[in-house]
file start35.txt (compact mmCIF, C-alpha atoms)
# COMPACT_ATOMS: atom_id res chain seq x y z
CA MET T 1 6.50 -6.55 38.29
CA SER T 2 5.54 -9.57 36.25
CA GLY T 3 2.40 -7.75 35.06
CA MET T 4 4.47 -4.82 33.85
CA ARG T 5 6.86 -7.16 32.05
CA ASP T 6 3.91 -8.89 30.50
CA LEU T 7 2.45 -5.61 29.27
CA CYS T 8 5.82 -4.55 27.85
CA TRP T 9 6.19 -7.92 26.14
CA TRP T 10 2.83 -7.58 24.44
CA LEU T 11 3.56 -4.02 23.31
CA VAL T 12 6.91 -5.11 21.87
CA PHE T 13 5.15 -8.06 20.26
CA ALA T 14 2.60 -5.78 18.59
CA MET T 15 5.32 -3.47 17.27
CA THR T 16 7.40 -6.40 16.03
CA ALA T 17 4.34 -7.82 14.30
CA VAL T 18 3.65 -4.50 12.52
CA VAL T 19 7.26 -4.27 11.35
CA MET T 20 7.34 -7.92 10.21
CA GLN T 21 4.10 -7.46 8.30
CA ALA T 22 5.62 -4.40 6.61
CA LEU T 23 8.63 -6.49 5.60
CA PHE T 24 6.69 -9.56 4.43
CA PRO T 25 3.53 -8.61 2.50
CA GLY T 26 0.50 -10.79 3.17
CA LEU T 27 1.85 -12.33 6.37
CA ASP T 28 -0.25 -12.53 9.56
CA VAL T 29 2.04 -12.28 12.59
CA PHE T 30 -0.67 -11.40 15.09
CA VAL T 31 -2.14 -14.89 14.89
CA ALA T 32 0.98 -16.12 16.74
CA GLY T 33 0.03 -13.78 19.59
CA LEU T 34 -3.53 -15.08 19.56
CA LEU T 35 -2.19 -18.63 19.79
CA ILE T 36 -0.04 -17.72 22.80
CA LEU T 37 -3.03 -16.08 24.50
CA LEU T 38 -5.15 -19.18 23.93
CA GLN T 39 -2.41 -21.50 25.17
CA GLU T 40 -1.88 -19.45 28.32
CA ARG T 41 -5.64 -19.02 28.83
CA ASP T 42 -4.87 -15.39 29.47
CA TYR T 43 -8.43 -14.10 29.17
CA LYS T 44 -7.67 -10.81 30.92
CA ASN T 45 -5.13 -9.75 28.29
CA MET T 46 -7.24 -11.30 25.55
CA LEU T 47 -9.96 -8.73 26.26
CA TRP T 48 -7.84 -5.84 25.05
CA LEU T 49 -5.26 -7.58 22.87
CA VAL T 50 -7.59 -9.36 20.47
CA PRO T 51 -9.55 -6.16 19.62
CA LEU T 52 -6.20 -4.38 19.21
CA PHE T 53 -4.90 -7.09 16.87
CA ILE T 54 -8.13 -6.97 14.85
CA LEU T 55 -8.10 -3.17 14.59
CA LEU T 56 -4.45 -3.13 13.54
CA GLN T 57 -4.94 -5.90 11.00
CA GLU T 58 -8.11 -4.38 9.55
CA GLY T 59 -6.68 -0.86 9.62
CA MET T 60 -3.59 -1.72 7.61
CA GLY T 61 -5.57 -3.91 5.19
CA THR T 62 -7.54 -2.87 2.13
CA ARG T 63 -10.63 -5.06 2.54
CA LEU T 64 -13.88 -4.20 4.26
CA PHE T 65 -13.96 -4.84 8.01
CA GLY T 66 -14.66 -8.40 9.10
CA GLY T 67 -12.13 -10.77 7.58
CA THR T 68 -9.79 -10.82 10.57
CA VAL T 69 -12.70 -11.34 12.98
CA LEU T 70 -13.77 -14.43 11.09
CA LEU T 71 -10.21 -15.69 10.80
CA TYR T 72 -9.45 -15.32 14.50
CA MET T 73 -12.79 -16.89 15.42
CA THR T 74 -11.90 -19.89 13.24
CA THR T 75 -8.46 -20.09 14.83
CA ALA T 76 -10.04 -20.19 18.29
CA VAL T 77 -12.51 -22.90 17.20
CA PHE T 78 -9.71 -25.01 15.65
CA PHE T 79 -7.70 -24.56 18.84
CA ARG T 80 -10.57 -25.78 20.99
CA LEU T 81 -11.12 -28.79 18.73
CA GLY T 82 -7.42 -29.65 18.75
CA GLN T 83 -7.33 -29.43 22.52
CA TRP T 84 -9.09 -32.82 22.79
CA LEU T 85 -6.45 -34.68 20.83
CA PHE T 86 -3.18 -32.87 21.43
CA GLU T 87 -1.07 -31.19 24.02
CA VAL T 88 -1.66 -27.58 22.97
CA GLU T 89 1.76 -26.32 23.97
CA SER T 90 3.59 -28.86 21.84
CA PHE T 91 5.32 -27.89 18.61
CA LEU T 92 3.52 -30.68 16.75
CA PHE T 93 0.14 -29.20 17.65
CA VAL T 94 1.19 -25.77 16.35
CA VAL T 95 2.47 -27.31 13.11
CA LEU T 96 -0.84 -29.13 12.61
CA LEU T 97 -2.87 -26.06 13.52
CA SER T 98 -0.87 -23.96 11.02
CA ALA T 99 -1.52 -26.56 8.34
CA ALA T 100 -5.23 -26.59 9.19
CA LEU T 101 -5.36 -22.78 9.06
CA ILE T 102 -4.49 -22.89 5.36
CA VAL T 103 -8.15 -23.76 4.74
CA PRO T 104 -9.73 -20.72 6.47
CA TYR T 105 -7.08 -18.35 5.11
CA TYR T 106 -7.75 -19.56 1.57
CA ALA T 107 -11.52 -19.73 2.07
CA LEU T 108 -11.63 -16.20 3.42
CA ASP T 109 -9.88 -14.74 0.36
CA TRP T 110 -12.10 -16.81 -1.94
CA LEU T 111 -15.25 -15.77 -0.07
CA MET T 112 -14.43 -12.07 0.23
CA ALA T 113 -13.37 -11.60 -3.41
CA PRO T 114 -16.87 -11.78 -4.95
CA LEU T 115 -18.48 -10.11 -1.91
CA GLN T 116 -16.24 -7.06 -2.26
CA ASN T 117 -15.77 -7.18 -6.03
CA LEU T 118 -12.06 -7.98 -5.78
CA ALA T 119 -9.82 -9.94 -8.12
CA PHE T 120 -9.00 -13.44 -6.86
CA ASN T 121 -5.77 -15.12 -7.92
CA MET T 122 -5.73 -18.77 -6.88
CA ASP T 123 -1.95 -19.25 -7.15
CA ASP T 124 -1.06 -16.09 -5.25
CA THR T 125 -3.54 -16.91 -2.50
CA LEU T 126 -2.26 -20.46 -2.17
CA ASP T 127 1.34 -19.22 -2.01
CA LYS T 128 0.36 -16.75 0.70
CA CYS T 129 -1.40 -19.47 2.73
CA LEU T 130 1.51 -21.90 2.44
CA PHE T 131 3.98 -19.21 3.45
CA GLN T 132 1.77 -18.39 6.42
CA ALA T 133 1.61 -22.08 7.40
CA LEU T 134 5.41 -22.33 7.32
CA PHE T 135 5.86 -19.07 9.16
CA LEU T 136 3.48 -19.60 12.10
CA PRO T 137 5.31 -22.47 13.89
CA CYS T 138 8.66 -20.66 13.60
CA ALA T 139 7.20 -17.37 14.85
CA TRP T 140 5.35 -19.15 17.67
CA ARG T 141 8.57 -20.88 18.74
CA ALA T 142 10.55 -17.63 18.70
CA PHE T 143 7.91 -15.68 20.60
CA THR T 144 7.37 -18.38 23.26
CA LEU T 145 11.13 -18.51 23.90
CA THR T 146 11.22 -14.77 24.59
CA ARG T 147 8.00 -15.10 26.59
CA ARG T 148 9.85 -17.05 29.28
CA TRP T 149 11.54 -13.84 30.45
CA THR T 150 8.22 -12.51 31.63
CA LYS T 151 7.54 -15.68 33.63
CA ASN T 152 10.78 -15.77 35.64
CA ASP T 153 9.29 -13.97 38.61
CA GLU T 154 6.29 -16.28 38.77
CA ALA T 155 8.55 -19.35 38.54
CA ALA T 156 10.78 -18.06 41.35
CA ALA T 157 7.76 -17.40 43.57
CA MET C 1 -17.10 -28.36 26.28
CA SER C 2 -18.77 -30.92 24.05
CA PHE C 3 -18.44 -31.02 20.27
CA ARG C 4 -22.11 -30.10 19.86
CA ARG C 5 -21.77 -27.03 22.07
CA ILE C 6 -18.73 -25.88 20.11
CA LEU C 7 -20.68 -26.21 16.86
CA VAL C 8 -23.63 -24.27 18.30
CA LEU C 9 -21.29 -21.57 19.56
CA ALA C 10 -19.57 -21.39 16.17
CA GLY C 11 -22.98 -21.08 14.49
CA ILE C 12 -24.04 -18.24 16.80
CA LEU C 13 -20.73 -16.45 16.23
CA LEU C 14 -21.13 -16.81 12.47
CA ILE C 15 -24.63 -15.29 12.59
CA LEU C 16 -23.33 -12.43 14.75
CA PHE C 17 -20.47 -11.96 12.28
CA LEU C 18 -22.81 -11.78 9.30
CA GLY C 19 -24.93 -9.23 11.13
CA MET C 20 -21.87 -7.14 11.91
CA TYR C 21 -20.59 -7.45 8.34
CA THR C 22 -23.82 -6.27 6.71
CA TRP C 23 -24.25 -3.46 9.24
CA ASN C 24 -20.70 -2.28 8.56
CA GLN C 25 -21.17 -2.50 4.81
CA ARG C 26 -24.08 -0.09 5.14
CA THR C 27 -22.60 2.34 7.68
CA ARG C 28 -18.80 1.85 7.21
CA MET C 29 -18.43 2.68 10.92
CA LEU C 30 -16.10 -0.24 11.68
CA ASP C 31 -14.00 0.52 8.58
CA ASP C 32 -13.57 4.10 9.78
CA LEU C 33 -12.72 2.90 13.28
CA ALA C 34 -10.15 0.42 11.95
CA ALA C 35 -8.60 3.08 9.71
CA ASN C 36 -8.49 5.70 12.46
CA VAL C 37 -7.03 3.37 15.08
CA GLY C 38 -5.29 0.52 13.25
CA LEU C 39 -3.82 2.43 10.32
CA GLU C 40 -2.83 5.35 12.55
CA LEU C 41 -1.04 3.04 15.03
CA THR C 42 0.68 1.28 12.14
CA GLY C 43 1.92 4.62 10.85
CA ALA C 44 3.01 5.62 14.37
CA VAL C 45 5.11 2.42 14.64
CA LEU C 46 6.57 2.54 11.14
CA ALA C 47 7.29 6.27 10.79
CA PRO C 48 10.04 6.47 13.49
CA LEU C 49 11.56 3.21 12.24
CA ARG C 50 11.60 4.54 8.69
CA ALA C 51 13.24 7.76 9.94
CA LEU C 52 15.84 5.68 11.83
CA GLN C 53 16.47 3.57 8.73
CA ASP C 54 16.93 6.71 6.64
CA SER C 55 19.38 8.27 9.11
CA THR C 56 21.38 5.05 9.35
CA ARG C 57 21.49 4.77 5.58
CA GLU C 58 22.49 8.42 5.28
CA PHE C 59 25.26 7.96 7.87
CA TRP C 60 26.53 4.88 6.07
CA GLN C 61 26.44 6.62 2.71
CA ARG C 62 28.30 9.61 4.13
CA TYR C 63 30.96 7.28 5.44
CA PHE C 64 31.36 5.70 2.02
CA ASP C 65 31.30 9.14 0.44
CA LEU C 66 34.25 10.11 2.59
CA VAL C 67 36.11 6.93 1.72
CA ASN C 68 35.52 7.35 -1.98
CA VAL C 69 35.56 11.11 -2.12
CA ARG C 70 38.77 11.48 -4.16
CA GLU C 71 37.69 9.01 -6.82
CA GLU C 72 34.20 10.49 -6.93
CA ASN C 73 35.56 14.02 -7.16
CA ARG C 74 37.60 13.08 -10.19
CA ARG C 75 34.60 11.45 -11.84
CA LEU C 76 32.34 14.37 -11.02
CA LYS C 77 34.77 16.88 -12.49
CA THR C 78 34.82 14.95 -15.74
CA ARG C 79 31.04 14.73 -15.68
CA LEU C 80 30.73 18.44 -14.93
CA GLU C 81 32.88 19.32 -17.93
CA ASP C 82 30.73 17.07 -20.08
CA LEU C 83 27.50 18.59 -18.75
CA GLU C 84 28.78 22.15 -19.18
CA ALA C 85 29.52 21.37 -22.80
CA ARG C 86 26.02 19.92 -23.22
CA LEU C 87 24.40 22.85 -21.45
CA GLU C 88 26.19 25.22 -23.76
CA ALA C 89 24.89 23.25 -26.72
CA HIS C 90 21.32 23.20 -25.39
CA GLY C 91 21.29 26.75 -24.02
CA GLU C 92 19.63 28.17 -27.08
CA SER C 93 16.91 25.51 -27.01
CA LEU C 94 16.17 26.22 -23.34
CA ALA C 95 15.93 29.93 -23.99
CA GLU C 96 13.60 29.24 -26.88
CA LEU C 97 11.43 27.00 -24.70
CA GLU C 98 11.23 29.71 -22.06
CA ARG C 99 10.25 32.31 -24.66
CA LEU C 100 7.60 30.02 -26.11
CA ARG C 101 6.18 29.26 -22.68
CA GLN C 102 5.85 32.96 -21.94
CA LEU C 103 4.41 33.55 -25.39
CA VAL C 104 1.76 30.87 -25.08
CA ASP C 105 1.30 31.53 -21.33
CA LEU C 106 0.06 28.00 -20.67
CA PRO C 107 -2.00 28.13 -17.47
CA GLY C 108 -1.04 25.84 -14.61
CA ASP C 109 -3.78 24.15 -12.65
CA PRO C 110 -4.42 25.95 -9.36
CA GLY C 111 -6.95 23.27 -8.47
CA TRP C 112 -4.19 20.95 -7.18
CA LYS C 113 -1.58 21.57 -4.51
CA PRO C 114 1.48 19.24 -4.39
CA VAL C 115 2.31 17.72 -0.97
CA GLY C 116 5.29 15.41 -0.39
CA ALA C 117 4.88 12.07 1.39
CA ARG C 118 7.12 9.23 2.46
CA VAL C 119 6.31 5.59 1.68
CA LEU C 120 6.23 3.60 4.95
CA ALA C 121 5.48 0.11 3.63
CA GLY C 122 3.96 -1.90 0.83
CA ARG C 123 1.06 -4.30 1.31
CA MET C 124 0.65 -5.21 4.98
CA GLY C 125 -1.13 -8.20 6.47
CA PRO C 126 -3.50 -10.82 5.11
CA ASN C 127 -6.23 -8.23 4.52
CA ALA C 128 -4.10 -6.16 2.15
CA VAL C 129 -5.28 -7.92 -0.99
CA LEU C 130 -5.04 -4.87 -3.26
CA SER C 131 -1.79 -3.57 -4.77
CA SER C 132 -1.18 -0.73 -2.37
CA ILE C 133 1.35 1.23 -0.33
CA VAL C 134 1.20 2.86 3.10
CA ILE C 135 2.26 6.53 3.23
CA ASN C 136 2.83 8.99 6.07
CA ARG C 137 0.08 11.45 5.09
CA GLY C 138 -3.49 11.19 6.32
CA TYR C 139 -6.69 13.13 5.90
CA VAL C 140 -5.52 15.96 8.17
CA THR C 141 -2.16 16.28 6.39
CA GLY C 142 -3.24 16.31 2.75
CA GLY C 143 -3.98 12.64 2.06
CA ARG C 144 -7.75 12.41 1.77
CA PRO C 145 -9.30 9.44 -0.11
CA ASN C 146 -9.07 9.77 -3.93
CA THR C 147 -6.15 12.23 -3.77
CA PRO C 148 -3.86 11.51 -6.78
CA VAL C 149 -0.39 10.15 -5.97
CA ILE C 150 2.51 10.87 -8.35
CA THR C 151 6.32 11.00 -8.51
CA ASN C 152 8.57 13.10 -10.72
CA LYS C 153 8.38 10.29 -13.30
CA GLY C 154 4.62 9.94 -13.46
CA LEU C 155 1.40 8.67 -11.94
CA VAL C 156 1.46 6.17 -9.05
CA GLY C 157 -2.22 5.85 -8.11
CA ARG C 158 -4.64 7.41 -5.65
CA ILE C 159 -5.40 7.37 -1.92
CA LEU C 160 -7.79 4.57 -1.04
CA ARG C 161 -8.40 5.02 2.69
CA ALA C 162 -6.89 7.31 5.27
CA SER C 163 -6.45 7.83 8.98
CA PRO C 164 -5.46 11.26 10.40
CA HIS C 165 -1.74 10.89 9.62
CA THR C 166 -1.39 7.68 7.55
CA ALA C 167 -3.03 6.46 4.37
CA ASN C 168 -3.25 3.50 2.03
CA ALA C 169 -2.71 4.33 -1.65
CA LEU C 170 -4.03 2.13 -4.45
CA LEU C 171 -1.42 1.56 -7.17
CA LEU C 172 -2.04 1.74 -10.92
CA THR C 173 -1.36 -1.98 -11.24
CA ASP C 174 -4.30 -3.04 -9.09
CA PRO C 175 -7.20 -4.54 -11.06
CA GLY C 176 -9.54 -2.07 -9.34
CA SER C 177 -7.64 0.97 -10.64
CA ARG C 178 -9.19 2.93 -13.54
CA VAL C 179 -7.72 6.12 -14.99
CA ALA C 180 -8.92 8.09 -18.02
CA VAL C 181 -5.87 8.58 -20.25
CA ALA C 182 -4.95 9.96 -23.66
CA ALA C 183 -1.97 9.26 -25.88
CA GLN C 184 0.40 12.23 -25.70
CA THR C 185 0.93 12.51 -29.45
CA SER C 186 -2.22 11.16 -31.12
CA ARG C 187 -4.64 12.18 -28.31
CA ALA C 188 -6.40 8.80 -28.56
CA PHE C 189 -8.48 8.32 -25.42
CA GLY C 190 -8.86 5.19 -23.30
CA ILE C 191 -9.24 3.84 -19.78
CA LEU C 192 -6.03 2.61 -18.14
CA THR C 193 -6.78 -0.48 -16.06
CA GLY C 194 -4.49 -2.51 -13.78
CA ARG C 195 -4.21 -6.28 -14.11
CA GLY C 196 -2.27 -7.12 -10.96
CA SER C 197 1.30 -6.75 -9.83
CA GLY C 198 3.90 -7.89 -12.37
CA ARG C 199 1.45 -7.81 -15.29
CA PRO C 200 1.17 -5.08 -17.93
CA LEU C 201 -1.60 -2.51 -17.70
CA GLU C 202 -4.48 -2.60 -20.14
CA VAL C 203 -5.89 0.39 -22.05
CA ASN C 204 -9.55 -0.21 -22.75
CA PHE C 205 -11.91 1.47 -25.20
CA VAL C 206 -9.28 2.79 -27.64
CA ARG C 207 -10.94 3.22 -31.04
CA ARG C 208 -9.68 1.01 -33.86
CA ASP C 209 -8.87 4.00 -36.05
CA ALA C 210 -6.74 5.66 -33.36
CA SER C 211 -3.13 6.17 -34.42
CA ILE C 212 -1.60 4.87 -31.21
CA LYS C 213 1.69 2.99 -31.43
CA GLN C 214 4.25 1.19 -29.30
CA GLY C 215 6.33 3.59 -27.18
CA ASP C 216 3.65 6.29 -26.99
CA ILE C 217 3.32 7.99 -23.62
CA LEU C 218 -0.14 7.96 -22.05
CA ILE C 219 -1.08 10.99 -19.99
CA THR C 220 -4.07 11.53 -17.71
CA ALA C 221 -6.97 12.95 -19.70
CA GLY C 222 -8.58 14.70 -16.74
CA LEU C 223 -12.01 13.56 -17.93
CA ASP C 224 -12.67 11.55 -14.78
CA GLN C 225 -12.23 14.68 -12.60
CA LYS C 226 -10.08 12.53 -10.28
CA PHE C 227 -6.65 13.27 -11.76
CA PRO C 228 -5.33 16.56 -13.16
CA LYS C 229 -4.88 16.59 -16.92
CA GLY C 230 -1.44 15.90 -18.36
CA ILE C 231 0.31 13.66 -15.81
CA PRO C 232 2.38 10.98 -17.59
CA ALA C 233 0.92 7.64 -16.54
CA ALA C 234 2.24 4.79 -18.71
CA ARG C 235 4.10 3.82 -21.86
CA VAL C 236 2.42 1.72 -24.59
CA VAL C 237 4.15 -1.65 -25.02
CA SER C 238 1.88 -3.33 -27.55
CA VAL C 239 -1.02 -2.47 -29.85
CA ALA C 240 -3.14 -5.01 -31.73
CA PRO C 241 -6.72 -5.25 -32.98
CA SER C 242 -8.83 -7.00 -30.37
CA ASP C 243 -10.28 -10.40 -31.27
CA TYR C 244 -13.35 -9.88 -29.11
CA THR C 245 -14.28 -6.20 -29.15
CA GLN C 246 -14.53 -3.33 -31.60
CA PHE C 247 -11.63 -1.57 -29.85
CA LEU C 248 -7.85 -1.94 -29.97
CA ALA C 249 -6.11 -4.26 -27.49
CA VAL C 250 -3.48 -1.97 -25.99
CA GLU C 251 -1.03 -2.92 -23.26
CA ALA C 252 1.11 -0.46 -21.34
CA GLU C 253 3.65 -0.34 -18.53
CA PRO C 254 3.78 2.20 -15.69
CA LEU C 255 6.42 4.90 -16.03
CA VAL C 256 7.17 4.68 -12.33
CA ASP C 257 8.92 1.70 -10.74
CA LEU C 258 6.10 0.85 -8.33
CA HIS C 259 8.16 -1.77 -6.48
CA HIS C 260 10.81 0.68 -5.30
CA LEU C 261 8.91 3.76 -4.20
CA GLU C 262 10.41 5.82 -1.38
CA GLU C 263 8.86 9.26 -1.73
CA VAL C 264 5.72 10.34 -3.55
CA VAL C 265 3.83 13.58 -4.14
CA LEU C 266 0.13 13.95 -3.38
CA LEU C 267 -1.91 16.38 -5.44
CA GLU C 268 -4.31 17.78 -2.91
CA PRO C 269 -7.43 19.32 -4.47
CA THR C 270 -7.67 22.98 -3.47
CA GLY C 271 -11.27 23.38 -4.55
CA ILE C 272 -10.34 26.22 -6.93
CA VAL C 273 -12.10 25.76 -10.25
CA ARG C 274 -10.62 27.64 -13.19
CA LEU C 275 -13.22 28.99 -15.58
CA PRO C 276 -12.25 29.00 -19.25
CA ASP C 277 -12.68 32.75 -19.66
CA GLU C 278 -11.40 33.72 -16.24
CA PRO C 279 -8.82 36.57 -16.47
CA ASP C 280 -5.57 35.69 -14.73
CA ASP C 281 -2.86 38.31 -14.30
CA ALA C 282 -0.56 36.46 -11.92
CA PRO C 283 1.51 33.58 -13.34
CA ALA C 284 -0.17 30.32 -12.38
CA GLU C 285 1.60 27.75 -10.22
CA PHE C 286 3.00 25.06 -12.47
CA VAL C 287 2.04 21.54 -11.42
CA GLY C 288 4.01 18.79 -13.12
CA PRO C 289 7.58 18.36 -14.28
CA PRO C 290 9.97 21.11 -13.12
CA ALA C 291 10.44 24.07 -15.44
CA PRO C 292 13.88 24.40 -17.08
CA PRO C 293 16.35 26.69 -15.28
CA LYS C 294 16.52 30.30 -16.38
CA LYS C 295 19.51 31.18 -18.53
CA ALA C 296 22.05 33.25 -16.60
CA ALA C 297 22.51 36.81 -17.78
CA PRO C 298 25.81 37.35 -19.59
call {"tool": "encode", "arguments": {"input": "start35.txt", "output": "structure tokens"}}
result
Amino acid sequence: MSGMRDLCWWLVFAMTAVVMQALFPGLDVFVAGLLILLQERDYKNMLWLVPLFILLQEGMGTRLFGGTVLLYMTTAVFFRLGQWLFEVESFLFVVLLSAALIVPYYALDWLMAPLQNLAFNMDDTLDKCLFQALFLPCAWRAFTLTRRWTKNDEAAA
Amino acid sequence: MSFRRILVLAGILLILFLGMYTWNQRTRMLDDLAANVGLELTGAVLAPLRALQDSTREFWQRYFDLVNVREENRRLKTRLEDLEARLEAHGESLAELERLRQLVDLPGDPGWKPVGARVLAGRMGPNAVLSSIVINRGYVTGGRPNTPVITNKGLVGRILRASPHTANALLLTDPGSRVAVAAQTSRAFGILTGRGSGRPLEVNFVRRDASIKQGDILITAGLDQKFPKGIPAARVVSVAPSDYTQFLAVEAEPLVDLHHLEEVVLLEPTGIVRLPDEPDDAPAEFVGPPAPPKKAAP
């Protein structure tokens, strides 16, 4: 039962993320899901969810394939590094991780622009990264609160 | 896991990534996969929501229509009287236009078939770095890459990448957009180039002796073979001699409000090529602004 709830939660999460990304251009909502997967060490779901997130993100984007892969790899590396110093499920850790992720988000745009012959606007990119850094802790908080519903059965057992 | 092992792992992953990136750049297999799966799923999620949004809006509007129907009826009657008077005044001009059209028998372009599409979203996600929109037509429903996108007001852009039922369209304002255009009155040619959202478009390579002026409408020249000839694309906002080149520095603005697009029309190439001396008995399908209504018989 819990497995089914979990699956439903992730499907609803993916749909919510698509809709939110349609409403807020440039935002990455799927990274909140990746963070939850890393925190829960849910490697089974990670096997199908991370490729799904990457395909969705790359499919709706206009750059050549690869940016999201690099971004999510960096997120995982930052998470592992932060694990030594912080309690990974704390809000403070997520705030610091979001702030640290400004660097790879900015670097990726800066790196991909000459590689793919794209225009690079420093101000727009910085605005996008800052908005993402402010958004991620709030989204993570909201999603983890709803995530508790899927864990009720396990807690009762 | 020690710090050194994490660094080694990160290094290996980076090398694998670079390998994947260069392989994909050559074959485009991952791009196609992402478009076919990711873009298609995005369209599948957004299309029903957009339909729901439209029905809710329609319901709400109908409700307000009912509430305000008396007031609106009164206004519409006044407007109708005004329009009837205007129609009467312009009737002769319309009839003349119709006669002239028949006289000249301007051929339409059978090489392009118009297909309607709904806009699902604007830019989506951190990878959407180009000025673009997502529409509900894909390569099996008339939205193949490079298909021109227009509205009744003018040119919007072209399809950039497509999945079976969803596509990304590149807007005129994107710095990567290039369209061969000509001024409607003076026929001065140039290349319309985007400079990013919120910034005016640039018309490059306009000769210094061209008699182009502020307010001129730029239409597609059809020279690039990507867009049909004669679609209104932009309006000239400034003309000045360039300080750096031998051409004029011309700025223009799109005729279409690209921030508030809801429906667009795709001009799907039919593959029919009209030869200049080809005899044509049947009246050609007119692609472009709607023809004026026929005058009612007395």
call {"tool": "closest_residue", "arguments": {"input": "start35.txt", "among": "T:Val94, T:Ala119, T:Leu134, T:Leu49", "to": "chain C", "atoms": "all atoms listed in the file"}}
result
T:Ala119
call {"tool": "closest_atom_pairs", "arguments": {"input": "start35.txt", "of": "chain T", "to": "chain C", "cutoff": "6 Å", "atoms": "all atoms listed in the file", "output": "JSON lines"}}
result
{"residue": "T:Gln21", "atom": "CA", "partner": "C:Met124", "partner_atom": "CA", "distance": 5.3}
{"residue": "T:Ala22", "atom": "CA", "partner": "C:Met124", "partner_atom": "CA", "distance": 5.3}
{"residue": "T:Pro25", "atom": "CA", "partner": "C:Met124", "partner_atom": "CA", "distance": 5.1}
{"residue": "T:Gly26", "atom": "CA", "partner": "C:Pro126", "partner_atom": "CA", "distance": 4.4}
{"residue": "T:Leu27", "atom": "CA", "partner": "C:Gly125", "partner_atom": "CA", "distance": 5.1}
{"residue": "T:Asp28", "atom": "CA", "partner": "C:Gly125", "partner_atom": "CA", "distance": 5.4}
{"residue": "T:Leu55", "atom": "CA", "partner": "C:Gly38", "partner_atom": "CA", "distance": 4.8}
{"residue": "T:Leu56", "atom": "CA", "partner": "C:Gly38", "partner_atom": "CA", "distance": 3.8}
{"residue": "T:Glu58", "atom": "CA", "partner": "C:Ala34", "partner_atom": "CA", "distance": 5.7}
{"residue": "T:Gly59", "atom": "CA", "partner": "C:Gly38", "partner_atom": "CA", "distance": 4.1}
{"residue": "T:Met60", "atom": "CA", "partner": "C:Leu39", "partner_atom": "CA", "distance": 5.0}
{"residue": "T:Gly61", "atom": "CA", "partner": "C:Ala128", "partner_atom": "CA", "distance": 4.1}
{"residue": "T:Thr62", "atom": "CA", "partner": "C:Ala128", "partner_atom": "CA", "distance": 4.8}
{"residue": "T:Arg63", "atom": "CA", "partner": "C:Asn127", "partner_atom": "CA", "distance": 5.8}
{"residue": "T:Phe65", "atom": "CA", "partner": "C:Asp31", "partner_atom": "CA", "distance": 5.4}
call {"tool": "residues_around", "arguments": {"input": "start35.txt", "residues": "T:Leu11", "least_positions_apart": "2", "cutoff": "12 Å", "atoms": "only C-alpha atoms", "output": "compact mmCIF listing (two decimals) with C-alpha atoms, keeping the file's coordinate frame"}}
result
# COMPACT_ATOMS: atom_id res chain seq x y z
CA MET T 4 4.47 -4.82 33.85
CA ARG T 5 6.86 -7.16 32.05
CA ASP T 6 3.91 -8.89 30.50
CA LEU T 7 2.45 -5.61 29.27
CA CYS T 8 5.82 -4.55 27.85
CA TRP T 9 6.19 -7.92 26.14
CA PHE T 13 5.15 -8.06 20.26
CA ALA T 14 2.60 -5.78 18.59
CA MET T 15 5.32 -3.47 17.27
CA THR T 16 7.40 -6.40 16.03
CA ALA T 17 4.34 -7.82 14.30
CA VAL T 18 3.65 -4.50 12.52
CA PHE T 30 -0.67 -11.40 15.09
CA GLY T 33 0.03 -13.78 19.59
CA ASN T 45 -5.13 -9.75 28.29
CA TRP T 48 -7.84 -5.84 25.05
CA LEU T 49 -5.26 -7.58 22.87
CA LEU T 52 -6.20 -4.38 19.21
CA PHE T 53 -4.90 -7.09 16.87
CA LEU C 41 -1.04 3.04 15.03
CA VAL C 45 5.11 2.42 14.64
call {"tool": "closest_residue", "arguments": {"input": "start35.txt", "among": "C:Ala188, C:Leu83, C:Ala210, C:Leu258", "to": "C:Leu171", "atoms": "all atoms listed in the file"}}
result
C:Leu258
call {"tool": "atom_distance", "arguments": {"input": "start35.txt", "atom1": "atom CA of C:Thr185", "atom2": "atom CA of C:Leu261"}}
result
27.9 Å
call {"tool": "axis_aligned_box", "arguments": {"input": "start35.txt", "around": "stretch 50-63 of chain C", "padding_each_side": "3 Å", "output": "AutoDock Vina command-line options"}}
result
--center_x 21.3 --center_y 6.6 --center_z 7.3 --size_x 25.4 --size_y 12.0 --size_z 15.1
call {"tool": "closest_residue", "arguments": {"input": "start35.txt", "among": "T:Leu85, T:Leu92, T:Leu97, T:Ala32", "to": "T:Ala139", "atoms": "all atoms listed in the file"}}
result
T:Ala32
call {"tool": "atom_distance", "arguments": {"input": "start35.txt", "atom1": "atom CA of C:Pro110", "atom2": "atom CA of C:Pro145"}}
result
19.5 Å
call {"tool": "atom_distance", "arguments": {"input": "start35.txt", "atom1": "atom CA of C:Gly194", "atom2": "atom CA of C:Val119"}}
result
20.5 Å
call {"tool": "decode", "arguments": {"input": "start35.txt", "residues": "stretch 181-193 of chain C", "atoms": "C-alpha atoms", "output": "compact mmCIF listing (two decimals), in the first residue's frame"}}
result
# COMPACT_ATOMS: atom_id res chain seq x y z
CA VAL C 181 12.55 40.30 -45.01
CA ALA C 182 11.66 43.16 -47.35
CA ALA C 183 10.03 46.49 -46.66
CA GLN C 184 6.43 46.36 -47.89
CA THR C 185 6.53 49.70 -49.70
CA SER C 186 10.15 50.28 -50.75
CA ARG C 187 11.05 46.56 -51.18
CA ALA C 188 14.38 47.13 -49.41
CA PHE C 189 15.77 43.76 -48.38
CA GLY C 190 17.40 42.78 -45.10
CA ILE C 191 17.81 40.05 -42.50
CA LEU C 192 15.57 40.34 -39.44
CA THR C 193 17.48 39.23 -36.36
